[in-house]
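Reproduced below: data-v9.tsv, with TSV, C-alpha atoms.
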```
chain	number	residue	atom	x	y	z
A	219	PRO	CA	19.48	11.15	-88.31
A	220	SER	CA	17.53	8.49	-90.21
A	221	PRO	CA	14.64	6.58	-88.61
A	222	SER	CA	16.83	3.46	-88.42
A	223	GLN	CA	19.53	5.41	-86.58
A	224	ASN	CA	16.96	6.75	-84.16
A	225	TYR	CA	15.68	3.23	-83.54
A	226	GLN	CA	19.19	1.86	-82.99
A	227	GLU	CA	19.93	4.63	-80.50
A	228	LEU	CA	16.65	3.95	-78.72
A	229	THR	CA	17.22	0.20	-78.40
A	230	ALA	CA	20.83	0.76	-77.29
A	231	SER	CA	19.72	3.06	-74.51
A	232	MET	CA	17.00	0.58	-73.51
A	233	ASP	CA	19.56	-2.20	-73.22
A	234	GLU	CA	21.73	-0.06	-70.95
A	235	SER	CA	18.97	0.59	-68.49
A	236	HIS	CA	16.46	-2.03	-67.37
A	237	LYS	CA	14.37	0.72	-65.82
A	238	ASP	CA	14.15	2.63	-69.08
A	239	SER	CA	13.26	-0.60	-70.89
A	240	SER	CA	10.45	-1.35	-68.45
A	241	GLN	CA	9.05	2.15	-68.87
A	242	PHE	CA	9.11	1.80	-72.66
A	243	CYS	CA	7.34	-1.58	-72.46
A	244	ASP	CA	4.67	-0.07	-70.21
A	245	LEU	CA	3.89	2.34	-73.04
A	246	LEU	CA	3.56	-0.53	-75.51
A	247	ARG	CA	1.41	-2.75	-73.31
A	248	LEU	CA	-2.32	-2.83	-74.05
A	249	LYS	CA	-4.28	-1.41	-71.13
A	250	ASN	CA	-6.63	-4.28	-70.35
A	251	PRO	CA	-8.56	-3.85	-67.11
A	252	HIS	CA	-9.75	-7.47	-67.20
A	253	SER	CA	-6.47	-9.22	-67.96
A	254	CYS	CA	-5.85	-12.48	-66.11
A	255	THR	CA	-2.73	-13.37	-64.22
A	256	ALA	CA	-0.78	-16.59	-64.62
A	257	PHE	CA	-2.16	-17.84	-61.33
A	258	ASP	CA	-5.74	-17.37	-62.58
A	259	LEU	CA	-5.11	-19.69	-65.50
A	260	SER	CA	-5.31	-23.07	-63.77
A	261	ALA	CA	-9.05	-22.64	-63.18
A	262	GLN	CA	-9.60	-21.67	-66.83
A	263	LEU	CA	-7.38	-24.11	-68.68
A	264	GLY	CA	-9.27	-27.28	-67.91
A	265	ASP	CA	-7.84	-30.52	-69.31
A	266	GLY	CA	-4.11	-30.08	-69.85
A	267	ARG	CA	-4.10	-33.15	-72.08
A	268	ARG	CA	-5.59	-30.97	-74.80
A	269	SER	CA	-2.46	-28.82	-74.63
A	270	ALA	CA	0.80	-29.04	-76.54
A	271	LEU	CA	4.16	-27.43	-75.93
A	272	ILE	CA	5.69	-26.01	-79.11
A	273	VAL	CA	9.45	-25.57	-78.86
A	274	VAL	CA	10.49	-23.13	-81.58
A	275	ASP	CA	13.96	-23.10	-83.15
A	276	VAL	CA	15.98	-24.11	-80.10
A	277	GLN	CA	18.94	-24.77	-82.38
A	278	ARG	CA	22.67	-24.33	-82.03
A	279	CYS	CA	22.78	-21.80	-84.87
A	280	TRP	CA	20.58	-19.41	-82.87
A	281	TYR	CA	22.13	-19.86	-79.43
A	282	SER	CA	25.33	-21.81	-78.76
A	283	ASP	CA	26.90	-21.19	-82.18
A	284	SER	CA	25.33	-17.80	-82.91
A	285	PRO	CA	27.90	-15.20	-83.99
A	286	GLY	CA	28.36	-12.61	-81.26
A	287	GLY	CA	26.46	-14.71	-78.72
A	288	LEU	CA	23.84	-12.00	-78.18
A	289	ALA	CA	21.04	-14.35	-77.07
A	290	ARG	CA	23.42	-16.33	-74.84
A	291	ALA	CA	24.61	-13.16	-73.13
A	292	ALA	CA	21.12	-11.70	-72.65
A	293	PHE	CA	19.44	-14.96	-71.58
A	294	PRO	CA	21.97	-17.21	-69.82
A	295	LEU	CA	19.23	-19.12	-67.93
A	296	LEU	CA	17.45	-20.27	-71.08
A	297	PRO	CA	18.96	-23.80	-71.08
A	298	ASP	CA	18.01	-24.55	-67.47
A	299	ARG	CA	14.52	-23.10	-67.78
A	300	THR	CA	13.77	-24.87	-71.06
A	301	ALA	CA	15.03	-28.18	-69.69
A	302	ALA	CA	12.81	-27.75	-66.61
A	303	LEU	CA	9.77	-26.93	-68.75
A	304	LEU	CA	10.34	-29.96	-70.98
A	305	THR	CA	10.79	-32.23	-67.97
A	306	THR	CA	7.52	-31.07	-66.43
A	307	ALA	CA	5.57	-31.29	-69.70
A	308	ARG	CA	6.79	-34.83	-70.30
A	309	LEU	CA	6.02	-35.93	-66.74
A	310	HIS	CA	2.42	-34.82	-67.18
A	311	ASP	CA	1.92	-36.20	-70.68
A	312	VAL	CA	1.66	-32.83	-72.38
A	313	ARG	CA	2.45	-33.35	-76.04
A	314	VAL	CA	5.74	-31.76	-77.12
A	315	VAL	CA	6.28	-30.59	-80.69
A	316	HIS	CA	9.64	-29.28	-81.90
A	317	VAL	CA	9.59	-26.75	-84.72
A	318	ARG	CA	12.94	-26.15	-86.40
A	319	ALA	CA	14.27	-23.81	-89.04
A	320	ASN	CA	15.94	-25.30	-92.10
A	321	TYR	CA	16.56	-22.19	-94.13
A	322	GLU	CA	19.46	-22.97	-96.42
A	323	ARG	CA	17.13	-23.55	-99.38
A	324	SER	CA	14.40	-21.17	-98.26
A	325	PRO	CA	13.45	-18.36	-100.67
A	326	HIS	CA	13.42	-15.69	-97.95
A	327	VAL	CA	16.97	-16.30	-96.72
A	328	ALA	CA	18.64	-14.11	-99.34
A	329	THR	CA	16.54	-11.14	-98.25
A	330	MET	CA	17.08	-11.90	-94.56
A	331	ARG	CA	20.83	-12.04	-95.00
A	332	ARG	CA	20.88	-8.85	-97.04
A	333	LEU	CA	19.00	-7.02	-94.28
A	334	ASN	CA	20.99	-8.62	-91.45
A	335	PRO	CA	24.47	-9.42	-92.78
A	336	SER	CA	26.04	-9.70	-89.33
A	337	LEU	CA	23.37	-11.95	-87.76
A	338	ASN	CA	23.17	-14.87	-90.17
A	339	THR	CA	26.76	-15.77	-90.97
A	340	VAL	CA	26.55	-19.44	-89.98
A	341	PRO	CA	24.51	-22.10	-91.81
A	342	ILE	CA	20.91	-22.14	-90.57
A	343	LEU	CA	20.58	-25.85	-89.95
A	344	PRO	CA	18.11	-27.73	-87.72
A	345	GLU	CA	20.66	-29.08	-85.22
A	346	PRO	CA	18.98	-28.85	-81.78
A	347	GLU	CA	20.57	-27.81	-78.54
A	348	ALA	CA	21.27	-30.89	-76.42
A	349	TRP	CA	19.07	-29.52	-73.61
A	350	ALA	CA	16.05	-29.21	-75.92
A	351	LYS	CA	16.43	-32.28	-78.10
A	352	GLU	CA	13.37	-34.38	-78.88
A	353	ILE	CA	12.87	-37.75	-77.27
A	354	GLU	CA	11.33	-40.81	-78.88
A	355	GLY	CA	7.76	-40.21	-79.98
A	356	GLU	CA	7.95	-36.39	-80.10
A	357	LEU	CA	7.07	-34.71	-83.37
A	358	VAL	CA	9.65	-32.59	-85.21
A	359	VAL	CA	8.32	-30.15	-87.81
A	360	MET	CA	10.66	-28.43	-90.26
A	361	LYS	CA	9.81	-24.94	-91.44
A	362	SER	CA	11.25	-22.77	-94.19
A	363	THR	CA	10.24	-19.37	-92.83
A	364	PHE	CA	9.50	-17.67	-89.49
A	365	ASP	CA	5.98	-19.08	-88.98
A	366	GLY	CA	5.94	-22.72	-87.90
A	367	PHE	CA	2.44	-23.11	-89.38
A	368	PHE	CA	3.25	-21.78	-92.86
A	369	ARG	CA	3.17	-24.65	-95.38
A	370	THR	CA	3.92	-27.27	-92.72
A	371	GLU	CA	1.98	-30.15	-91.17
A	372	LEU	CA	1.93	-28.49	-87.74
A	373	GLU	CA	-1.75	-27.47	-87.69
A	374	ALA	CA	-2.96	-30.81	-89.03
A	375	CYS	CA	-0.90	-32.72	-86.46
A	376	LEU	CA	-2.17	-30.63	-83.55
A	377	CYS	CA	-5.76	-31.09	-84.69
A	378	ARG	CA	-5.33	-34.87	-85.00
A	379	MET	CA	-4.04	-34.92	-81.41
A	380	GLY	CA	-7.11	-32.99	-80.22
A	381	VAL	CA	-5.02	-30.01	-79.14
A	382	THR	CA	-6.86	-26.74	-78.53
A	383	ARG	CA	-4.20	-24.88	-76.55
A	384	VAL	CA	-0.50	-24.36	-77.25
A	385	LEU	CA	2.32	-23.26	-75.00
A	386	VAL	CA	5.04	-21.60	-77.07
A	387	CYS	CA	8.69	-21.11	-76.17
A	388	GLY	CA	12.03	-20.84	-77.94
A	389	LEU	CA	14.12	-18.59	-80.16
A	390	ILE	CA	13.94	-15.77	-81.29
A	391	THR	CA	11.14	-13.96	-79.39
A	392	SER	CA	10.64	-11.11	-81.88
A	393	ALA	CA	10.95	-13.34	-84.97
A	394	CYS	CA	10.07	-17.04	-85.14
A	395	VAL	CA	8.52	-17.33	-81.67
A	396	LEU	CA	6.21	-14.38	-82.34
A	397	SER	CA	5.36	-15.53	-85.87
A	398	THR	CA	4.54	-19.04	-84.70
A	399	ALA	CA	2.50	-17.78	-81.73
A	400	LEU	CA	0.52	-15.51	-84.07
A	401	GLY	CA	0.14	-18.40	-86.52
A	402	ALA	CA	-1.47	-20.42	-83.74
A	403	PHE	CA	-3.65	-17.48	-82.72
A	404	HIS	CA	-4.82	-16.97	-86.32
A	405	ARG	CA	-5.88	-20.62	-86.46
A	406	GLY	CA	-7.99	-20.44	-83.31
A	407	PHE	CA	-5.68	-22.01	-80.74
A	408	ASP	CA	-5.50	-20.63	-77.23
A	409	VAL	CA	-1.90	-19.44	-76.97
A	410	LEU	CA	0.28	-19.17	-73.87
A	411	LEU	CA	3.75	-17.71	-74.31
A	412	VAL	CA	6.19	-19.12	-71.76
A	413	GLU	CA	8.06	-15.84	-71.56
A	414	ASP	CA	11.12	-16.87	-69.56
A	415	CYS	CA	11.70	-19.83	-71.88
A	416	CYS	CA	12.11	-17.45	-74.81
A	417	ALA	CA	15.14	-15.42	-75.81
A	418	ASP	CA	16.05	-12.65	-78.20
A	419	ARG	CA	19.21	-10.79	-79.17
A	420	SER	CA	18.55	-8.26	-76.43
A	421	LEU	CA	16.38	-8.05	-73.36
A	422	ALA	CA	14.75	-4.90	-74.72
A	423	ARG	CA	13.60	-6.56	-77.95
A	424	HIS	CA	12.21	-9.51	-75.99
A	425	GLN	CA	10.34	-7.32	-73.51
A	426	ALA	CA	8.94	-5.04	-76.20
A	427	THR	CA	7.61	-8.00	-78.21
A	428	VAL	CA	5.88	-9.52	-75.19
A	429	ALA	CA	4.48	-6.15	-74.13
A	430	MET	CA	2.94	-5.56	-77.57
A	431	TYR	CA	0.99	-8.82	-77.73
A	432	ASP	CA	0.44	-10.05	-74.16
A	433	GLN	CA	-3.29	-10.18	-73.32
A	434	TYR	CA	-4.01	-9.32	-76.96
A	435	CYS	CA	-3.04	-12.36	-79.05
A	436	PHE	CA	-1.57	-14.55	-76.33
A	437	ARG	CA	-1.15	-14.75	-72.57
A	438	SER	CA	2.32	-14.55	-71.11
A	439	VAL	CA	3.14	-17.02	-68.34
A	440	SER	CA	6.28	-18.08	-66.50
A	441	THR	CA	7.96	-21.47	-66.45
A	442	ARG	CA	7.34	-21.70	-62.72
A	443	SER	CA	3.61	-21.06	-63.06
A	444	ILE	CA	3.30	-23.71	-65.76
A	445	CYS	CA	5.26	-26.22	-63.66
A	446	GLU	CA	2.91	-25.55	-60.76
A	447	MET	CA	-0.27	-25.69	-62.85
A	448	LEU	CA	0.31	-28.82	-64.92
A	449	PRO	CA	-0.36	-31.37	-62.16
A	450	HIS	CA	-3.80	-29.82	-61.63
A	451	MET	CA	-4.51	-29.42	-65.35
A	452	THR	CA	-3.78	-33.09	-66.08
A	453	GLY	CA	-5.38	-34.53	-62.97
A	454	GLN	CA	-2.14	-36.15	-61.84
A	455	SER	CA	-1.89	-34.67	-58.36
A	456	GLY	CA	-1.79	-38.21	-56.96
A	457	ALA	CA	1.13	-39.36	-59.12
A	458	ALA	CA	3.87	-41.59	-57.84
A	459	ALA	CA	6.48	-40.19	-55.47
A	460	THR	CA	9.17	-40.33	-58.11
A	461	THR	CA	7.08	-38.26	-60.48
A	462	LYS	CA	6.32	-35.77	-57.72
A	463	ALA	CA	9.98	-35.50	-56.86
A	464	ALA	CA	10.96	-34.91	-60.46
A	465	GLY	CA	8.25	-32.29	-60.89
A	466	LYS	CA	9.31	-30.56	-57.70
A	467	ALA	CA	12.92	-30.53	-58.85
A	468	ALA	CA	11.91	-28.96	-62.16
A	469	THR	CA	9.89	-26.28	-60.37
A	470	GLU	CA	12.75	-25.51	-58.00
A	471	ALA	CA	15.11	-25.20	-60.95
A	472	VAL	CA	13.21	-22.12	-62.12
A	473	ALA	CA	12.60	-20.60	-58.68
```
Let me see whether you can do it: turn the structure in this file into structure tokens.
Amino acid sequence: PSPSQNYQELTASMDESHKDSSQFCDLLRLKNPHSCTAFDLSAQLGDGRRSALIVVDVQRCWYSDSPGGLARAAFPLLPDRTAALLTTARLHDVRVVHVRANYERSPHVATMRRLNPSLNTVPILPEPEAWAKEIEGELVVMKSTFDGFFRTELEACLCRMGVTRVLVCGLITSACVLSTALGAFHRGFDVLLVEDCCADRSLARHQATVAMYDQYCFRSVSTRSICEMLPHMTGQSGAAATTKAAGKAATEAVA
């Protein structure tokens, strides 16, 4: 059998068994004796107002309207978790930036479609999911390839806002989310990947991607840990009761 056949058989077997997938990811994960946990981060992150949440490609073409519905089937909680993360970020004045793919005139699309004829059969247009749509004042950056920083204004905008740390979430973990996270890493930003607010076309691909780069180029955190940390990071622990209630509701939504 060819290498591609071997890989397909491997990923298929990983999808069938969560245990096998976890064992495979353990082999990929960098052995770092000094890695920090999500709950260690609040003491290290400092001023959360120097952070930005980058929402990558949460578009109908990749989730709701995606042929085959692979990401929807593998990650059914993505809408609720993303909505909770956005609610919490907005409550605590964390800047939110939406990065969206607009590939119909992109030079790499022909190659992508030739390699993946069954995955890209609908127009790749920047229509957002309703549960991740920008609100007034939030920046939307259009990209023509996987990396949200490549030939876009994203880096310049983050620097003007004084951002030094980015939280990254979205679609697809092994493609545009990874490329954008690495783009941020290459430019010197501290990168946190909100792992359970990301999705791929299989759980195995998602887990393998995170395992390869966690504690190496970014730190993986959960939506719940971010929701719990943000009040301390932004110094808003004494916020109004309504804000507290909304933040608590968002945290409970991802419990």
Measuring atom to atom with only C-alpha atoms, identify which of A:Arg423, A:His450, A:Gly366, A:Leu400 is nearest to Phe436 in chain A. A:Leu400
Residue contacts of range 328-330 of chain A (12 Å, all atoms listed in the file) excluding same-chain residues fewer than 4 positions away, as a count of residues only: 14
Counting only C-alpha atoms, give me one row per residue of range 264-310 of chain A with an atom at most 9 Å from an atom of range 385-390 of chain A, showing the shortest contact pair and its distance in Å to one decimal, sorted by chain then residue number, as JSON lines.
```
{"residue": "A:Ser269", "atom": "CA", "partner": "A:Leu385", "partner_atom": "CA", "distance": 7.3}
{"residue": "A:Ala270", "atom": "CA", "partner": "A:Leu385", "partner_atom": "CA", "distance": 6.2}
{"residue": "A:Leu271", "atom": "CA", "partner": "A:Leu385", "partner_atom": "CA", "distance": 4.7}
{"residue": "A:Ile272", "atom": "CA", "partner": "A:Val386", "partner_atom": "CA", "distance": 4.9}
{"residue": "A:Val273", "atom": "CA", "partner": "A:Cys387", "partner_atom": "CA", "distance": 5.3}
{"residue": "A:Val274", "atom": "CA", "partner": "A:Gly388", "partner_atom": "CA", "distance": 4.6}
{"residue": "A:Asp275", "atom": "CA", "partner": "A:Leu389", "partner_atom": "CA", "distance": 5.4}
{"residue": "A:Val276", "atom": "CA", "partner": "A:Gly388", "partner_atom": "CA", "distance": 5.6}
{"residue": "A:Gln277", "atom": "CA", "partner": "A:Leu389", "partner_atom": "CA", "distance": 8.1}
{"residue": "A:Trp280", "atom": "CA", "partner": "A:Leu389", "partner_atom": "CA", "distance": 7.1}
{"residue": "A:Tyr281", "atom": "CA", "partner": "A:Leu389", "partner_atom": "CA", "distance": 8.1}
{"residue": "A:Ala289", "atom": "CA", "partner": "A:Ile390", "partner_atom": "CA", "distance": 8.4}
{"residue": "A:Leu296", "atom": "CA", "partner": "A:Gly388", "partner_atom": "CA", "distance": 8.8}
{"residue": "A:Thr300", "atom": "CA", "partner": "A:Cys387", "partner_atom": "CA", "distance": 8.1}
```
If you keep C-alpha atoms, can you produce a file of those selected residues as a PDB file, in the frame of the given file?
```pdb
ATOM      1  CA  SER A 269      -2.460 -28.820 -74.630  1.00  0.00           C
ATOM      2  CA  ALA A 270       0.800 -29.040 -76.540  1.00  0.00           C
ATOM      3  CA  LEU A 271       4.160 -27.430 -75.930  1.00  0.00           C
ATOM      4  CA  ILE A 272       5.690 -26.010 -79.110  1.00  0.00           C
ATOM      5  CA  VAL A 273       9.450 -25.570 -78.860  1.00  0.00           C
ATOM      6  CA  VAL A 274      10.490 -23.130 -81.580  1.00  0.00           C
ATOM      7  CA  ASP A 275      13.960 -23.100 -83.150  1.00  0.00           C
ATOM      8  CA  VAL A 276      15.980 -24.110 -80.100  1.00  0.00           C
ATOM      9  CA  GLN A 277      18.940 -24.770 -82.380  1.00  0.00           C
ATOM     10  CA  TRP A 280      20.580 -19.410 -82.870  1.00  0.00           C
ATOM     11  CA  TYR A 281      22.130 -19.860 -79.430  1.00  0.00           C
ATOM     12  CA  ALA A 289      21.040 -14.350 -77.070  1.00  0.00           C
ATOM     13  CA  LEU A 296      17.450 -20.270 -71.080  1.00  0.00           C
ATOM     14  CA  THR A 300      13.770 -24.870 -71.060  1.00  0.00           C
TER      15      THR A 300
END
```
One decimal, Å: what's the distance from CA of Tyr434 in chain A over to CA of Arg308 in chain A, could you say?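 Computing it gives 28.5 Å between the two atoms.
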What does the distance between CA of Val340 in chain A and CA of Ala417 in chain A come to in Å, to one decimal place?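 CA of Ala417 in chain A lies 18.6 Å from CA of Val340 in chain A.
Distances here use all atoms listed in the file; by that measure, the residue among A:Thr370, A:Arg313, A:Leu396, A:Ala302 closest to Thr427 in chain A is A:Leu396.
Put simply, CA of Thr391 in chain A is 23.4 Å away from CA of Leu448 in chain A.
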Find, counting only C-alpha atoms, the residue in A:Asp283, A:Asp408, A:Glu371, A:Asp414 that gets nearest to Gln433 in chain A.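 Smallest separation from Gln433 in chain A among the options: A:Asp408.
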Using all atoms listed in the file, pick whichever of A:Val358, A:Leu343, A:Val381, A:Met430 has the shortest atom-to-atom distance to Cys279 in chain A.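 So, comparing all the options, the nearest one is A:Leu343.
Each of A:Ala374, A:Val314, A:Cys435, A:Met379 was compared to Glu354 in chain A using all atoms listed in the file, and A:Val314 turns out to be the nearest.
Residue nearest His310 in chain A, chosen from A:Met447, A:Ala350, A:Ala291, A:Ala402 and counting only C-alpha atoms: A:Met447.
Within the 12 Å cut-off around Arg405 in chain A, using all atoms listed in the file and omitting residues fewer than 6 positions from it on the same chain, the listed residues are A:Phe367, A:Phe368, A:Leu372, A:Glu373, A:Ala374, A:Leu376, A:Cys377, A:Val381, A:Thr382, A:Arg383, A:Val384, A:Thr398, A:Ala399, A:Cys435.
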